[in-house]
$ cat my_file-v6.txt   # compact mmCIF, C-alpha atoms and all ligand atoms
# COMPACT_ATOMS: atom_id res chain seq x y z
CA MET A 1 -68.55 -47.16 30.32
CA ASN A 2 -69.66 -43.49 30.50
CA ASN A 3 -70.72 -41.47 27.51
CA GLN A 4 -67.94 -39.25 26.26
CA VAL A 5 -68.02 -35.74 27.73
CA GLN A 6 -68.09 -34.26 24.23
CA GLU A 7 -71.44 -36.03 23.60
CA ILE A 8 -72.81 -35.03 26.99
CA ALA A 9 -71.80 -31.41 26.36
CA ASP A 10 -73.54 -31.38 22.98
CA GLY A 11 -76.96 -32.45 24.20
CA CYS A 12 -76.94 -31.36 27.79
CA GLU A 13 -79.66 -29.27 29.45
CA GLN A 14 -78.75 -30.09 32.99
CA LEU A 15 -75.35 -30.88 34.45
CA PRO A 16 -75.18 -34.59 35.34
CA GLU A 17 -74.62 -34.98 39.07
CA ARG A 18 -71.47 -37.12 38.65
CA PHE A 19 -69.54 -34.08 37.38
CA ILE A 20 -70.38 -31.70 40.23
CA ARG A 21 -67.20 -31.06 42.14
CA LYS A 22 -67.05 -31.03 45.92
CA GLN A 23 -64.90 -28.04 46.66
CA ASP A 24 -64.54 -28.83 50.34
CA GLU A 25 -62.90 -32.15 49.52
CA GLU A 26 -60.28 -30.71 47.18
CA TYR A 27 -56.94 -30.37 48.86
CA GLY A 28 -57.91 -28.80 52.13
CA HIS A 29 -60.83 -26.42 51.54
CA ILE A 30 -58.96 -24.08 49.22
CA THR A 31 -61.41 -21.75 47.57
CA ASP A 32 -59.43 -18.63 46.74
CA THR A 33 -56.99 -18.23 43.90
CA GLY A 34 -53.69 -16.45 43.76
CA GLY A 35 -54.27 -15.11 40.25
CA ALA A 36 -51.84 -15.57 37.38
CA SER A 37 -48.55 -17.14 38.37
CA GLU A 38 -45.05 -16.01 37.67
CA ILE A 39 -43.77 -19.41 36.71
CA PRO A 40 -40.22 -18.81 35.50
CA VAL A 41 -39.42 -18.92 31.81
CA ILE A 42 -36.23 -20.98 31.32
CA ASP A 43 -34.05 -20.99 28.21
CA VAL A 44 -33.53 -24.73 27.72
CA SER A 45 -30.71 -24.15 25.22
CA LEU A 46 -28.61 -22.49 27.97
CA LEU A 47 -28.86 -25.32 30.49
CA THR A 48 -25.64 -26.98 29.36
CA SER A 49 -23.58 -23.77 29.30
CA SER A 50 -24.94 -21.26 31.80
CA GLN A 51 -24.59 -21.70 35.56
CA LEU A 52 -27.05 -18.87 36.03
CA GLU A 53 -29.75 -20.62 33.98
CA LEU A 54 -29.06 -23.84 35.90
CA GLU A 55 -29.60 -21.98 39.18
CA ARG A 56 -32.83 -20.48 37.78
CA LEU A 57 -34.01 -23.97 36.83
CA LYS A 58 -33.26 -25.30 40.31
CA SER A 59 -35.07 -22.42 41.96
CA ALA A 60 -38.09 -22.81 39.60
CA ILE A 61 -38.42 -26.50 40.44
CA ILE A 62 -37.98 -26.00 44.17
CA THR A 63 -40.50 -23.15 44.20
CA TRP A 64 -43.09 -24.22 41.60
CA GLY A 65 -42.12 -27.73 40.46
CA CYS A 66 -42.65 -26.27 37.01
CA PHE A 67 -41.25 -23.90 34.39
CA GLN A 68 -42.05 -22.60 30.93
CA GLY A 69 -39.33 -23.96 28.66
CA VAL A 70 -38.39 -21.82 25.65
CA ASN A 71 -35.65 -22.36 23.04
CA HIS A 72 -36.19 -26.07 23.50
CA GLY A 73 -35.20 -26.91 19.94
CA ILE A 74 -38.58 -28.13 18.68
CA GLU A 75 -39.76 -26.21 15.67
CA VAL A 76 -42.97 -24.23 16.07
CA SER A 77 -44.29 -25.91 12.91
CA LEU A 78 -44.03 -29.32 14.61
CA LEU A 79 -45.78 -28.03 17.75
CA ASP A 80 -48.56 -26.71 15.53
CA LYS A 81 -48.78 -30.05 13.73
CA VAL A 82 -49.18 -31.88 17.05
CA ARG A 83 -52.00 -29.51 18.07
CA GLU A 84 -53.65 -29.83 14.67
CA THR A 85 -53.40 -33.63 14.71
CA SER A 86 -55.08 -33.73 18.10
CA ARG A 87 -57.79 -31.32 16.95
CA LEU A 88 -58.51 -33.39 13.84
CA PHE A 89 -58.88 -36.51 15.95
CA PHE A 90 -61.34 -34.96 18.41
CA ASN A 91 -63.30 -33.47 15.48
CA LEU A 92 -64.01 -36.93 14.06
CA SER A 93 -67.54 -38.29 14.48
CA ALA A 94 -68.33 -39.95 17.81
CA GLU A 95 -68.70 -43.23 15.97
CA GLU A 96 -65.26 -43.07 14.38
CA LYS A 97 -63.52 -42.09 17.61
CA LYS A 98 -65.17 -45.00 19.39
CA ARG A 99 -63.14 -47.40 17.25
CA TYR A 100 -60.28 -46.52 19.60
CA LEU A 101 -62.27 -46.76 22.83
CA ARG A 102 -60.26 -47.94 25.82
CA GLU A 103 -61.17 -51.18 27.53
CA GLU A 104 -63.18 -50.86 30.70
CA ASP A 105 -60.36 -51.69 33.12
CA ASP A 106 -57.48 -50.04 31.29
CA VAL A 107 -56.40 -46.47 30.57
CA GLU A 108 -54.96 -46.91 27.09
CA GLY A 109 -57.15 -45.66 24.23
CA TYR A 110 -59.92 -43.08 23.82
CA GLY A 111 -62.29 -42.35 26.69
CA ASN A 112 -62.65 -40.57 29.94
CA ASP A 113 -62.24 -41.44 33.61
CA MET A 114 -61.87 -45.03 34.75
CA VAL A 115 -64.57 -45.30 37.39
CA LEU A 116 -63.11 -46.89 40.50
CA SER A 117 -65.83 -46.05 43.04
CA ASP A 118 -69.53 -45.09 43.11
CA ASP A 119 -68.88 -41.66 44.58
CA GLN A 120 -66.05 -40.72 42.21
CA ILE A 121 -66.48 -37.29 40.66
CA LEU A 122 -65.90 -37.24 36.92
CA ASP A 123 -63.58 -34.90 35.03
CA TRP A 124 -65.03 -32.71 32.27
CA THR A 125 -62.67 -34.00 29.61
CA ASP A 126 -62.22 -36.65 26.97
CA ARG A 127 -58.79 -38.09 26.37
CA LEU A 128 -56.79 -40.27 24.12
CA TYR A 129 -54.15 -42.03 26.17
CA LEU A 130 -51.31 -43.86 24.39
CA THR A 131 -47.98 -45.46 25.22
CA VAL A 132 -45.59 -43.87 22.73
CA LEU A 133 -42.19 -45.18 23.88
CA PRO A 134 -40.61 -47.63 23.66
CA GLN A 135 -42.09 -48.04 20.20
CA ASP A 136 -42.47 -51.81 20.57
CA GLN A 137 -44.92 -51.17 23.44
CA GLN A 138 -47.23 -49.04 21.30
CA LYS A 139 -50.69 -50.63 21.19
CA LEU A 140 -51.47 -49.69 17.62
CA GLN A 141 -55.12 -50.71 17.80
CA PHE A 142 -55.67 -47.50 19.81
CA TRP A 143 -53.70 -45.22 17.46
CA PRO A 144 -56.01 -43.23 15.18
CA GLN A 145 -55.64 -43.93 11.49
CA ASN A 146 -57.38 -40.68 10.81
CA PRO A 147 -55.74 -38.17 10.51
CA THR A 148 -53.44 -40.36 8.45
CA HIS A 149 -50.24 -38.65 9.63
CA PHE A 150 -51.13 -39.10 13.32
CA ARG A 151 -48.50 -41.72 14.09
CA GLU A 152 -45.75 -40.03 12.12
CA VAL A 153 -46.30 -36.66 13.83
CA VAL A 154 -46.51 -38.13 17.32
CA ASN A 155 -43.39 -40.27 16.80
CA GLU A 156 -41.43 -37.29 15.54
CA TYR A 157 -42.57 -35.15 18.47
CA CYS A 158 -41.72 -37.76 21.08
CA SER A 159 -38.26 -38.44 19.63
CA LYS A 160 -37.52 -34.70 20.08
CA LEU A 161 -38.93 -34.72 23.60
CA GLU A 162 -36.72 -37.68 24.50
CA LEU A 163 -33.65 -35.50 23.91
CA ILE A 164 -35.02 -32.59 25.94
CA ASN A 165 -36.00 -34.96 28.72
CA GLU A 166 -32.44 -36.28 28.92
CA LEU A 167 -31.03 -32.77 28.91
CA ILE A 168 -33.34 -31.68 31.73
CA LEU A 169 -32.68 -34.77 33.85
CA LYS A 170 -28.96 -34.14 33.54
CA ALA A 171 -29.38 -30.45 34.32
CA LEU A 172 -31.50 -31.22 37.42
CA ALA A 173 -28.82 -33.60 38.70
CA ARG A 174 -26.01 -31.08 38.06
CA SER A 175 -28.01 -28.34 39.78
CA LEU A 176 -27.86 -30.48 42.96
CA ASN A 177 -24.11 -31.10 42.51
CA LEU A 178 -24.71 -34.74 41.64
CA ASP A 179 -23.21 -36.75 38.81
CA GLU A 180 -25.23 -35.70 35.77
CA ASN A 181 -26.30 -39.30 35.06
CA CYS A 182 -27.57 -39.86 38.56
CA PHE A 183 -31.31 -39.63 37.68
CA ILE A 184 -30.90 -41.09 34.20
CA ASP A 185 -29.19 -44.20 35.61
CA GLN A 186 -32.32 -44.86 37.65
CA TYR A 187 -34.29 -44.77 34.42
CA GLY A 188 -32.63 -47.86 33.03
CA THR A 189 -32.14 -48.31 29.31
CA THR A 190 -35.75 -48.41 28.12
CA ALA A 191 -37.59 -45.41 29.47
CA LYS A 192 -41.28 -45.03 28.94
CA MET A 193 -43.27 -42.14 27.50
CA THR A 194 -47.05 -41.94 27.50
CA ALA A 195 -49.21 -39.33 25.82
CA ARG A 196 -52.48 -37.87 26.96
CA PHE A 197 -54.40 -35.84 24.40
CA ASN A 198 -56.89 -33.85 26.45
CA TYR A 199 -60.03 -32.28 25.02
CA TYR A 200 -62.15 -30.05 27.28
CA PRO A 201 -65.51 -29.16 25.71
CA PRO A 202 -67.03 -25.82 26.78
CA CYS A 203 -69.28 -26.25 29.80
CA PRO A 204 -72.21 -23.92 30.61
CA TRP A 205 -71.71 -24.78 34.31
CA SER A 206 -67.97 -24.21 34.23
CA ASP A 207 -67.80 -23.11 37.88
CA LYS A 208 -69.30 -26.43 39.02
CA VAL A 209 -66.93 -28.82 37.26
CA LEU A 210 -63.22 -29.44 36.84
CA GLY A 211 -61.51 -30.40 33.60
CA ILE A 212 -59.06 -32.47 35.63
CA LYS A 213 -59.24 -32.89 39.39
CA PRO A 214 -56.24 -31.87 41.52
CA HIS A 215 -53.38 -34.32 41.11
CA SER A 216 -49.64 -34.58 40.79
CA ASP A 217 -48.10 -36.57 37.96
CA GLY A 218 -46.70 -40.08 38.40
CA SER A 219 -43.99 -39.30 35.83
CA ALA A 220 -40.42 -38.14 36.29
CA ILE A 221 -40.91 -35.22 33.89
CA THR A 222 -44.09 -34.04 32.11
CA PHE A 223 -44.15 -31.90 28.97
CA LEU A 224 -47.40 -30.04 28.38
CA LEU A 225 -48.20 -28.50 25.04
CA GLN A 226 -50.85 -25.98 25.97
CA ASP A 227 -53.74 -24.75 23.87
CA LYS A 228 -52.55 -21.66 21.98
CA GLU A 229 -55.33 -19.42 23.22
CA VAL A 230 -57.41 -20.85 26.02
CA GLU A 231 -55.93 -21.10 29.52
CA GLY A 232 -57.17 -23.42 32.25
CA LEU A 233 -54.24 -25.04 34.05
CA GLN A 234 -53.67 -24.03 37.68
CA LEU A 235 -50.90 -24.94 40.12
CA LEU A 236 -51.23 -25.20 43.87
CA LYS A 237 -48.57 -23.29 45.79
CA ASP A 238 -48.55 -22.10 49.39
CA GLY A 239 -52.22 -23.00 49.74
CA GLN A 240 -53.38 -21.03 46.70
CA TRP A 241 -54.22 -21.84 43.11
CA PHE A 242 -52.24 -19.95 40.49
CA GLY A 243 -53.14 -19.83 36.79
CA VAL A 244 -50.46 -20.98 34.37
CA PRO A 245 -50.37 -18.54 31.46
CA VAL A 246 -49.89 -19.55 27.85
CA VAL A 247 -46.39 -18.52 26.77
CA PRO A 248 -46.16 -18.61 22.97
CA ASP A 249 -44.16 -21.61 21.67
CA ALA A 250 -43.10 -22.67 25.17
CA LEU A 251 -43.49 -26.14 26.63
CA THR A 252 -44.88 -26.12 30.16
CA ILE A 253 -42.58 -28.56 31.95
CA ASN A 254 -43.12 -29.98 35.44
CA VAL A 255 -41.48 -32.64 37.53
CA GLY A 256 -43.55 -35.60 38.66
CA ASP A 257 -43.63 -37.84 41.70
CA GLN A 258 -40.64 -39.90 40.58
CA ILE A 259 -38.28 -36.90 40.58
CA GLU A 260 -39.62 -35.86 43.97
CA ILE A 261 -38.60 -39.30 45.23
CA MET A 262 -35.23 -39.45 43.43
CA SER A 263 -34.36 -35.97 44.74
CA ASN A 264 -35.33 -37.05 48.28
CA GLY A 265 -37.99 -34.34 48.39
CA ILE A 266 -35.83 -31.38 47.35
CA PHE A 267 -37.85 -31.04 44.15
CA LYS A 268 -41.63 -31.05 44.64
CA SER A 269 -44.09 -32.72 42.29
CA PRO A 270 -46.69 -29.96 42.03
CA VAL A 271 -50.41 -30.48 42.52
CA HIS A 272 -52.32 -29.05 39.57
CA ARG A 273 -55.86 -29.00 38.21
CA VAL A 274 -57.70 -27.77 35.14
CA LEU A 275 -60.62 -25.34 35.00
CA VAL A 276 -62.94 -25.40 32.00
CA ASN A 277 -64.31 -22.55 29.98
CA SER A 278 -68.02 -21.79 29.53
CA LYS A 279 -67.68 -20.79 25.86
CA ASP A 280 -64.43 -22.08 24.44
CA GLN A 281 -63.14 -25.58 23.98
CA ARG A 282 -59.55 -26.23 25.04
CA SER A 283 -57.14 -28.95 24.05
CA THR A 284 -53.70 -29.86 25.33
CA VAL A 285 -51.18 -32.66 24.86
CA ALA A 286 -49.36 -33.98 27.93
CA MET A 287 -46.35 -36.29 27.52
CA PHE A 288 -45.25 -38.20 30.61
CA CYS A 289 -41.62 -39.43 30.75
CA MET A 290 -40.75 -42.08 33.31
CA PRO A 291 -38.81 -45.27 33.94
CA GLN A 292 -40.50 -48.55 32.97
CA THR A 293 -43.29 -49.32 35.44
CA GLU A 294 -41.53 -52.37 36.91
CA LYS A 295 -38.36 -50.35 37.61
CA ASP A 296 -37.56 -49.78 41.25
CA ILE A 297 -36.63 -46.15 42.04
CA GLY A 298 -35.59 -44.36 45.21
CA PRO A 299 -33.79 -41.31 46.59
CA ALA A 300 -30.30 -40.73 45.14
CA ASP A 301 -27.56 -41.84 47.57
CA GLY A 302 -25.88 -38.43 47.35
CA LEU A 303 -29.01 -36.74 48.70
CA ILE A 304 -29.37 -38.84 51.84
CA THR A 305 -27.39 -37.28 54.66
CA ASP A 306 -27.50 -37.04 58.46
CA ASP A 307 -29.21 -33.67 58.09
CA ARG A 308 -31.60 -34.92 55.45
CA PRO A 309 -32.44 -38.57 56.07
CA ARG A 310 -34.14 -40.71 53.47
CA LEU A 311 -37.76 -39.49 53.12
CA TYR A 312 -39.15 -42.09 50.69
CA LYS A 313 -39.14 -45.85 50.30
CA ASN A 314 -37.89 -47.48 47.12
CA VAL A 315 -40.96 -48.04 44.94
CA THR A 316 -42.23 -49.12 41.55
CA PHE A 317 -44.87 -46.86 40.04
CA SER A 318 -47.57 -49.14 38.65
CA LEU A 319 -50.52 -47.56 36.83
CA ASP A 320 -52.93 -49.19 39.28
CA PHE A 321 -51.13 -47.64 42.22
CA TYR A 322 -51.10 -44.23 40.53
CA PHE A 323 -54.73 -44.16 39.37
CA LYS A 324 -56.15 -45.37 42.69
CA ASN A 325 -54.53 -42.42 44.42
CA TYR A 326 -55.45 -40.04 41.59
CA GLN A 327 -59.15 -40.84 41.75
CA GLN A 328 -59.14 -40.29 45.51
CA GLY A 329 -57.50 -36.89 45.04
CA LYS A 330 -54.27 -38.05 46.68
CA ARG A 331 -50.65 -37.71 45.55
CA SER A 332 -49.14 -41.16 45.01
CA VAL A 333 -45.83 -39.81 46.22
CA ASP A 334 -47.31 -39.20 49.68
CA ALA A 335 -48.00 -42.94 49.94
CA CYS A 336 -44.25 -43.55 49.36
CA LYS A 337 -43.11 -41.52 52.38
CA ILE A 338 -41.33 -43.33 55.17
O1 LIG B 1 -54.55 -29.83 30.18
C1 LIG B 1 -53.85 -29.33 31.04
O2 LIG B 1 -53.67 -28.10 31.15
C2 LIG B 1 -53.16 -30.20 32.06
C3 LIG B 1 -53.25 -31.66 31.76
C4 LIG B 1 -52.85 -32.54 32.89
O3 LIG B 1 -52.63 -32.13 34.01
C5 LIG B 1 -52.77 -34.00 32.65
O4 LIG B 1 -53.05 -34.46 31.53
O5 LIG B 1 -52.40 -34.71 33.63
$ encode --input "my_file-v6.txt" --output "C-alpha cells" --more "lines below"
Ligand SMILES: O=C(O)CCC(=O)C(=O)O
Amino acid sequence: MNNQVQEIADGCEQLPERFIRKQDEEYGHITDTGGASEIPVIDVSLLTSSQLELERLKSAIITWGCFQGVNHGIEVSLLDKVRETSRLFFNLSAEEKKRYLREEDDVEGYGNDMVLSDDQILDWTDRLYLTVLPQDQQKLQFWPQNPTHFREVVNEYCSKLELINELILKALARSLNLDENCFIDQYGTTAKMTARFNYYPPCPWSDKVLGIKPHSDGSAITFLLQDKEVEGLQLLKDGQWFGVPVVPDALTINVGDQIEIMSNGIFKSPVHRVLVNSKDQRSTVAMFCMPQTEKDIGPADGLITDDRPRLYKNVTFSLDFYFKNYQQGKRSVDACKI
C-alpha cells in the first residue's frame, strides 16, 4: 500500500515519479483551458412547479452534465458541519487515521488510489470512501469514531440528499416527457449511496500533478459539496477544460454514467478532473447515488425510437468494472455502447 499523500506532502523534497501526470495521455492531448465556466445555477425548490426551471435543468444537463443547485433545502449549518467533520478527520494524526485504512484490494475505508498496474499515475489526494446507504451495508469498522459525531452528521446529510436525489430523478424524467418514475423504477427499492471525502494537500509541483485524474462518475447522480474557498474542479466540454466556481451554499450536482445510459445518451455524464493548489489545501465531499451494484439498468423504453436507436447495452455497474476503466482514464459508459 502507498504512503498517504498527506504524509508524502509533509516531508517531500522531490516529487515522486508516480504522481507526474502525462498530459498527452489525458483525453486527447488537451492542454488549453476554457477559463471559468458558466455552469447554470438551478433553483431546486422550483423543479416541481416551474416549467421554465425544468427546461433550464434539461438544458444544463445536456450542455454541461452538471449544475449548481441552490435552494436545495439543506441548511447551511448542516453543510458546514459536514465540511467540519471531514476536516477534523483529516486533521487526526496519521496513526489514528490508519485505523480506518482500506484493505489492499478494496476501495472502502481510508487511503488513496488502488494500484491496478505498474504504470498507473497516482492522484494527489487522500480519501475516505464509505458506503452510507442502505444503512445495513455500512461497514462500520471504516467509520471514524473521532470526531464522535461523524456518523450522526453523515447519516443526517445523506437522508436529506436522498430526498433531493429523488426529486432530481423525477424532474429529469419529466423534462424528457417521460413518466416521472421512469428512472426511479430502474433504481429498485434499495438504492445505494457512497461517500468520498477528498483531501488534497497543497503541492509545490501543482502543475505536474492532478488531484483526481479525468473521469466520469459511475453513479446516476453525484452531489459534490465543494470547499468553501479553494477551487480545483474542472469539467471537459467541447474539447476544453472549464473551472467550476464555488457558489456559496450550492451543491454542485452532476449526472453519472448510469443516467447517460438510462437516458439513451441524451444526458451526458461529464468528464471532470481536479487540479491542486501549490499553497492551499482543499477538501470536498462527493456523494454518489446509484442503484445497487447487481441491478441491471438500460435505456428507458420511451427514449428508444427509429430516429434514436438504443445506444447502450443493459449493464450492471460493478465497482471492479468502474475502477478498471477509471484507472485507465476511460469512461465506463463508453464500454457499454452498442
Ligand atoms: O473534489 C472535487 O472537486 C471532485 C471530486 C470528484 O470528482 C470525485 O470524488 O470523484
$ residues_near_ligand --input "my_file-v6.txt" --ligand "ligand LIG 1 (chain B)" --cutoff "7 Å" --atoms "all atoms listed in the file" --output "VMD selection string"
chain A and resid 196 198 212 217 224 226 232 to 233 272 to 274 283 to 286
$ write_last_selection --input "my_file-v6.txt" --atoms "C-alpha atoms" --output "PDB file, in the frame of the given file"
ATOM      1  CA  ARG A 196     -52.480 -37.870  26.960  1.00  0.00           C
ATOM      2  CA  ASN A 198     -56.890 -33.850  26.450  1.00  0.00           C
ATOM      3  CA  ILE A 212     -59.060 -32.470  35.630  1.00  0.00           C
ATOM      4  CA  ASP A 217     -48.100 -36.570  37.960  1.00  0.00           C
ATOM      5  CA  LEU A 224     -47.400 -30.040  28.380  1.00  0.00           C
ATOM      6  CA  GLN A 226     -50.850 -25.980  25.970  1.00  0.00           C
ATOM      7  CA  GLY A 232     -57.170 -23.420  32.250  1.00  0.00           C
ATOM      8  CA  LEU A 233     -54.240 -25.040  34.050  1.00  0.00           C
ATOM      9  CA  HIS A 272     -52.320 -29.050  39.570  1.00  0.00           C
ATOM     10  CA  ARG A 273     -55.860 -29.000  38.210  1.00  0.00           C
ATOM     11  CA  VAL A 274     -57.700 -27.770  35.140  1.00  0.00           C
ATOM     12  CA  SER A 283     -57.140 -28.950  24.050  1.00  0.00           C
ATOM     13  CA  THR A 284     -53.700 -29.860  25.330  1.00  0.00           C
ATOM     14  CA  VAL A 285     -51.180 -32.660  24.860  1.00  0.00           C
ATOM     15  CA  ALA A 286     -49.360 -33.980  27.930  1.00  0.00           C
TER      16      ALA A 286
END
$ closest_residue --input "my_file-v6.txt" --among "A:Gln6, A:Thr189, A:Asn181, A:Ser175" --to "Ser59 of chain A" --atoms "all atoms listed in the file"
A:Ser175
$ residues_around --input "my_file-v6.txt" --residues "segment 262-268 of chain A" --least-positions-apart "2" --cutoff "9 Å" --atoms "only C-alpha atoms" --output "PDB file with C-alpha atoms, in the coordinates of the input"
ATOM      1  CA  LYS A  58     -33.260 -25.300  40.310  1.00  0.00           C
ATOM      2  CA  ILE A  61     -38.420 -26.500  40.440  1.00  0.00           C
ATOM      3  CA  ILE A  62     -37.980 -26.000  44.170  1.00  0.00           C
ATOM      4  CA  THR A  63     -40.500 -23.150  44.200  1.00  0.00           C
ATOM      5  CA  TRP A  64     -43.090 -24.220  41.600  1.00  0.00           C
ATOM      6  CA  GLY A  65     -42.120 -27.730  40.460  1.00  0.00           C
ATOM      7  CA  ALA A 173     -28.820 -33.600  38.700  1.00  0.00           C
ATOM      8  CA  LEU A 176     -27.860 -30.480  42.960  1.00  0.00           C
ATOM      9  CA  PHE A 183     -31.310 -39.630  37.680  1.00  0.00           C
ATOM     10  CA  GLN A 186     -32.320 -44.860  37.650  1.00  0.00           C
ATOM     11  CA  ALA A 220     -40.420 -38.140  36.290  1.00  0.00           C
ATOM     12  CA  VAL A 255     -41.480 -32.640  37.530  1.00  0.00           C
ATOM     13  CA  GLY A 256     -43.550 -35.600  38.660  1.00  0.00           C
ATOM     14  CA  ASP A 257     -43.630 -37.840  41.700  1.00  0.00           C
ATOM     15  CA  GLN A 258     -40.640 -39.900  40.580  1.00  0.00           C
ATOM     16  CA  ILE A 259     -38.280 -36.900  40.580  1.00  0.00           C
ATOM     17  CA  GLU A 260     -39.620 -35.860  43.970  1.00  0.00           C
ATOM     18  CA  PRO A 270     -46.690 -29.960  42.030  1.00  0.00           C
ATOM     19  CA  ILE A 297     -36.630 -46.150  42.040  1.00  0.00           C
ATOM     20  CA  GLY A 298     -35.590 -44.360  45.210  1.00  0.00           C
ATOM     21  CA  PRO A 299     -33.790 -41.310  46.590  1.00  0.00           C
ATOM     22  CA  ALA A 300     -30.300 -40.730  45.140  1.00  0.00           C
ATOM     23  CA  LEU A 303     -29.010 -36.740  48.700  1.00  0.00           C
ATOM     24  CA  ILE A 304     -29.370 -38.840  51.840  1.00  0.00           C
ATOM     25  CA  ARG A 308     -31.600 -34.920  55.450  1.00  0.00           C
ATOM     26  CA  PRO A 309     -32.440 -38.570  56.070  1.00  0.00           C
ATOM     27  CA  ARG A 310     -34.140 -40.710  53.470  1.00  0.00           C
ATOM     28  CA  LEU A 311     -37.760 -39.490  53.120  1.00  0.00           C
ATOM     29  CA  TYR A 312     -39.150 -42.090  50.690  1.00  0.00           C
TER      30      TYR A 312
END
$ atom_distance --input "my_file-v6.txt" --atom1 "atom CA of Glu55 of chain A" --atom2 "atom CA of Asp43 of chain A"
11.9 Å
$ residues_around --input "my_file-v6.txt" --residues "Leu79 of chain A" --least-positions-apart "4" --cutoff "10 Å" --atoms "only C-alpha atoms" --output "number ranges by chain"
A: 74-75, 83-85, 153, 157, 225-226, 249-251
